[in-house]
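All remarks here apply to the structure that follows.
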Amino acid sequence: MIALIWADILAGFAMYVMMPYLTNVWKVSTTHAAGIINIWNGITPVLAISFAYVVDAFMGDFYMLLLSSISYSVGLGLLSMSTPPVFGPCKDYKKECIGHTQKVMFYVALPLIAVGLAGHMVSLTPFLDLQTKNESKEKDEKKDENENKNEKEKKSSEENENKIFLQIPGVMMVLIVAIVGGIGLPYIKPWSLRFGIPAICSVVATVLFFTGWVNYKHNKPEGSPLTATVRVLVATARNISRPVPDSKELNNEDDTPSTRSLRCFDKAAIKLPEGQQSNNWKVCNVREVEDTKIGVRLLPMWLTFIVIGIVLSIGNTYYLEQANHMDRKLGKIKVSIPIFLLFYTITSNIFAEFYSFLTTLSKKYAPPIGIATGMLLSVLCCITAAKVETRRLHRIRDHGLLDKPDEKIPMSIFALLPQFMLLAAVDGIANNSITGFFRHQTPESMRRYLAYCTKGVLGLGNMASVLSVYVVGKVSERNGKPNWFQYTLNKSRLDRYYWVLAGLSAVNLVIYVIVACFYKYKESVEDEEEVEGGEMNEDFQDKKCCC
């Protein structure tokens, strides 16, 4: 099981340097390379949403892990074979050595890797938790129902300590693999080996995982709560022409209170006439309707997260291309680009811990304040990146490097650290705040899916960044002016694009504050008197209108 995590880490470092690979070897334009990577990064979390449904409804975590690991291994293998020395017309890492076969392998490899990554994202952690669950704990609870509470807590704490102790070797190995991947892998010059080593590790990890299938605990598919949401939508569509029902007409066996907002969905719970056979796709219960309303009420919040995804997308695309030809020396040591991934991850975790500290002060307001803080930091991040890029372009012009994209720029790569740090802060605080918000505001049955939907919305932000670059580029070339996005980064005006993102993030922050102010938050996690998931304030509710 741990081997799959190791393989994921090495594959992550290999994919992190995809931007320099495409611009240095394939010689594609900066925007083309960024578009490929951002679409890939966006599709992966969107796939995770559909995979989560498939796991719960049909196949379970084990088979999802098996299929996704095979897809992962094949994808990384094809990516390694797509490099020129393997099947290329020549052996050099040049544009002329990238033939049709390499392009086909490359573009087949990316979706296969996305499928593997999405499958691991959905099933790896739940399956690992299932294996580490102590079976004896359940047996003891059945045998000793009258056992003293203090003794139970003592046993539980001892079991947790033993569990943590047993996990220490695995955690240490994960850290070692991360350090090796961040420091050692970039110094391997041939790209075929940079991609080949993670591919081999993925194959080995998949084989090791499969050999233990007899000893694994398997969870059977128990159905997905998303099915209930679809049933509510179908039942609502069936009864769309009927008037909004009152509480006596609703199928409400468990006495769930019905909210006044989005009352058109109450039509899905209208009782069938007596004598008519019950059908789940014709009538739902009020609990299912209310869970669906929660997801719909959260849509305005979700939409504000797309801009965060657009800002986060520049971290492993344009930031890396800025660093690609800058001075990497730290004294006599030449620093590799993946070091920034380690720095980014560590900084993101530090800010995530800071958010965790905030949650101890206020469970009610910490998530929305954290999201707003992340959005504010995204504005500062884009401003900082714009100023640093302006300095970089001045150095390029001063040294006559506009037409020399492969020449080293006399500017330290460490000038990019502030923007990487701010972007990591956005990632750490905003992501954890969004997760905390949905954990607090959504019902138990929907939390897993809403978490994936949040990642999916950020993934949509990655894909939306491609559209934003296209639109900004078209607007910039009006009146015969040059497009801000040229074939190489040296001739582009990336600093102006960063200023546009800063303005877009500022506007998005204002919209988020307005939406957040009209949202009614639950007082505490244990508060069961409030409608689960919260509801919009009465200012946004229409007592007479269905929606």
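If you're wondering about the labels, chains in the structure tokens are A, B, ... by order shown, residues count from 1 in each chain, ligands from 1 in order shown.
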
Find the nearest atom pair between each residue of stretch 402-438 of chain A and stretch 385-389 of chain A for residues within 10 Å, count only C-alpha atoms, give distances in Å to one decimal, sort rows by chain and ascending number, and present the table as a tab-separated table.
```
residue	atom	partner	partner_atom	distance
A:Ala415	CA	A:Val388	CA	7.2
A:Leu416	CA	A:Val388	CA	7.1
A:Leu417	CA	A:Ala385	CA	9.8
A:Pro418	CA	A:Ala385	CA	8.2
A:Gln419	CA	A:Ala385	CA	5.5
A:Phe420	CA	A:Ala385	CA	8.7
A:Leu422	CA	A:Ala385	CA	9.5
A:Leu423	CA	A:Ala385	CA	9.7
```

Writer output for current selection, C-alpha atoms, as an mmCIF file, in the first residue's frame:
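Written file, result_8.cif:
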```cif
data_model
loop_
_atom_site.group_PDB
_atom_site.id
_atom_site.type_symbol
_atom_site.label_atom_id
_atom_site.label_comp_id
_atom_site.auth_asym_id
_atom_site.auth_seq_id
_atom_site.Cartn_x
_atom_site.Cartn_y
_atom_site.Cartn_z
ATOM 1 C CA ALA A 415 13.862 36.206 -6.830
ATOM 2 C CA LEU A 416 10.819 34.006 -7.503
ATOM 3 C CA LEU A 417 10.623 32.740 -3.917
ATOM 4 C CA PRO A 418 8.184 35.465 -2.679
ATOM 5 C CA GLN A 419 5.601 34.668 -5.350
ATOM 6 C CA PHE A 420 5.987 30.921 -4.773
ATOM 7 C CA LEU A 422 2.412 33.586 -1.495
ATOM 8 C CA LEU A 423 0.954 31.057 -3.933
#
```

A:Ser80 environment, 10 Å, only C-alpha atoms, sequence neighbours closer than 3 positions dropped, as a list in words
Val74, Gly75, Leu76, Gly77, Thr83, Pro84, Pro85, Val86, Gln102, Met105, Phe106, Ala109, Trp191, Ser192, Leu193, Arg194, Phe195, Gly196, Ile197, Pro198, Ala199 and Ile200 of chain A

Expected file contents, prior selection, C-alpha atoms, as an mmCIF file, in the first residue's frame:
```
data_model
loop_
_atom_site.group_PDB
_atom_site.id
_atom_site.type_symbol
_atom_site.label_atom_id
_atom_site.label_comp_id
_atom_site.auth_asym_id
_atom_site.auth_seq_id
_atom_site.Cartn_x
_atom_site.Cartn_y
_atom_site.Cartn_z
ATOM 1 C CA VAL A 74 0.857 2.303 -18.696
ATOM 2 C CA GLY A 75 0.573 6.099 -18.942
ATOM 3 C CA LEU A 76 3.967 6.741 -17.354
ATOM 4 C CA GLY A 77 5.494 4.008 -19.538
ATOM 5 C CA THR A 83 10.932 10.745 -25.606
ATOM 6 C CA PRO A 84 13.188 10.844 -28.722
ATOM 7 C CA PRO A 85 15.818 8.210 -27.744
ATOM 8 C CA VAL A 86 13.248 5.406 -27.512
ATOM 9 C CA GLN A 102 6.088 10.335 -30.050
ATOM 10 C CA MET A 105 2.235 8.255 -27.280
ATOM 11 C CA PHE A 106 2.454 11.540 -25.370
ATOM 12 C CA ALA A 109 -0.174 8.961 -21.901
ATOM 13 C CA TRP A 191 14.318 12.768 -20.028
ATOM 14 C CA SER A 192 13.621 9.138 -20.867
ATOM 15 C CA LEU A 193 15.043 8.179 -17.460
ATOM 16 C CA ARG A 194 13.346 11.065 -15.635
ATOM 17 C CA PHE A 195 10.019 9.710 -16.805
ATOM 18 C CA GLY A 196 11.145 6.074 -16.895
ATOM 19 C CA ILE A 197 12.139 5.772 -13.232
ATOM 20 C CA PRO A 198 8.668 6.799 -11.959
ATOM 21 C CA ALA A 199 7.146 4.441 -14.551
ATOM 22 C CA ILE A 200 9.213 1.504 -13.260
#
```

I need the strand (DSSP E or B) residues of stretch 281-486 of chain A per DSSP on the backbone, written as a PyMOL selection string.
chain A and resi 326-327+329-330+333-334+409-412

In stretch 198-442 of chain A, DSSP alpha helix (DSSP H) residues written as an MDAnalysis selection string
chainID A and resid 198:211 225:238 286:297 299:312 318:324 339:361 366:398 417:441

Long-range neighbours of A:Gly456 as a PyMOL selection string, 8 Å cut-off, only C-alpha atoms, 2 positions minimum in chain
chain A and resi 42+45-46+48-49+452-454+458-460

May I have the residues within 9 Å of A:Ala118 as a ChimeraX atom specification, using only C-alpha atoms and disregarding those fewer than 3 positions away in the same chain?
/A:43-49,51,68,113-115,121-123

Quick one, how far is atom CA of A:Ile339 from atom CA of A:Gly461?
25.1 Å

Given the choices A:Ala205, A:Val379, A:Leu233, A:Leu320, which gets closest to A:Ile413 if the distance is worked out from only C-alpha atoms?
A:Leu320

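With only C-alpha atoms as the basis for measurement, A:Asn324 is the residue among A:Cys381, A:Asn324, A:Gly119, A:His440 that approaches A:Pro338 most closely.
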
May I have the residues within 10 Å of A:Tyr318 as an NGL selection string, using only C-alpha atoms and disregarding those fewer than 5 positions away in the same chain?
:A and (19-20 or 30-31 or 33-34 or 313 or 323-324 or 489 or 494)

Can I get the selection written as a PDB file, in the first residue's frame, with C-alpha atoms?
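Heads up, here's the output in out_14.pdb:
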```pdb
ATOM      1  CA  MET A  19       6.545  22.671 -18.633  1.00  0.00           C
ATOM      2  CA  PRO A  20      10.359  22.914 -19.150  1.00  0.00           C
ATOM      3  CA  THR A  30       4.722  29.028 -23.771  1.00  0.00           C
ATOM      4  CA  THR A  31       0.934  29.315 -23.961  1.00  0.00           C
ATOM      5  CA  ALA A  33       2.651  24.169 -23.152  1.00  0.00           C
ATOM      6  CA  ALA A  34       0.749  25.884 -20.317  1.00  0.00           C
ATOM      7  CA  SER A 313      -2.669  27.247 -12.293  1.00  0.00           C
ATOM      8  CA  ALA A 323      12.598  29.983 -13.616  1.00  0.00           C
ATOM      9  CA  ASN A 324      13.637  27.860 -16.604  1.00  0.00           C
ATOM     10  CA  LEU A 489       8.398  34.132 -22.650  1.00  0.00           C
ATOM     11  CA  LEU A 494       3.447  38.093 -18.686  1.00  0.00           C
TER      12      LEU A 494
END
```

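If you measure from each of A:Asn279, A:Trp484, A:Gly503, A:Ile369 to A:Val234 using only C-alpha atoms, the closest one turns out to be A:Asn279.
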
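Near A:Asp266, within 9 Å and counting only C-alpha atoms, sit A:Val232, A:Thr236, A:Val244, A:Pro245, A:Asp246, A:Leu250, A:Ser258, A:Leu262, A:Ile270, A:Val286, A:Val289, A:Glu290, A:Cys546; same-chain residues fewer than 4 positions away were not included.
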
Generate the output file for the selected residues, C-alpha atoms, as a PDB file, in the first residue's frame.
```pdb
ATOM      1  CA  VAL A 232     -34.643  14.456  -6.802  1.00  0.00           C
ATOM      2  CA  THR A 236     -38.801  17.545  -9.785  1.00  0.00           C
ATOM      3  CA  VAL A 244     -45.708  24.063  -4.874  1.00  0.00           C
ATOM      4  CA  PRO A 245     -46.969  21.619  -2.219  1.00  0.00           C
ATOM      5  CA  ASP A 246     -47.588  22.389   1.428  1.00  0.00           C
ATOM      6  CA  LEU A 250     -44.876  15.835   1.314  1.00  0.00           C
ATOM      7  CA  SER A 258     -38.475  21.655   5.088  1.00  0.00           C
ATOM      8  CA  LEU A 262     -35.747  26.554  -3.396  1.00  0.00           C
ATOM      9  CA  ILE A 270     -45.141  15.050  -3.355  1.00  0.00           C
ATOM     10  CA  VAL A 286     -37.913  15.368   2.328  1.00  0.00           C
ATOM     11  CA  VAL A 289     -34.749  16.973  -1.116  1.00  0.00           C
ATOM     12  CA  GLU A 290     -33.104  19.004   1.646  1.00  0.00           C
ATOM     13  CA  CYS A 546     -40.791  28.223  -5.845  1.00  0.00           C
TER      14      CYS A 546
END
```
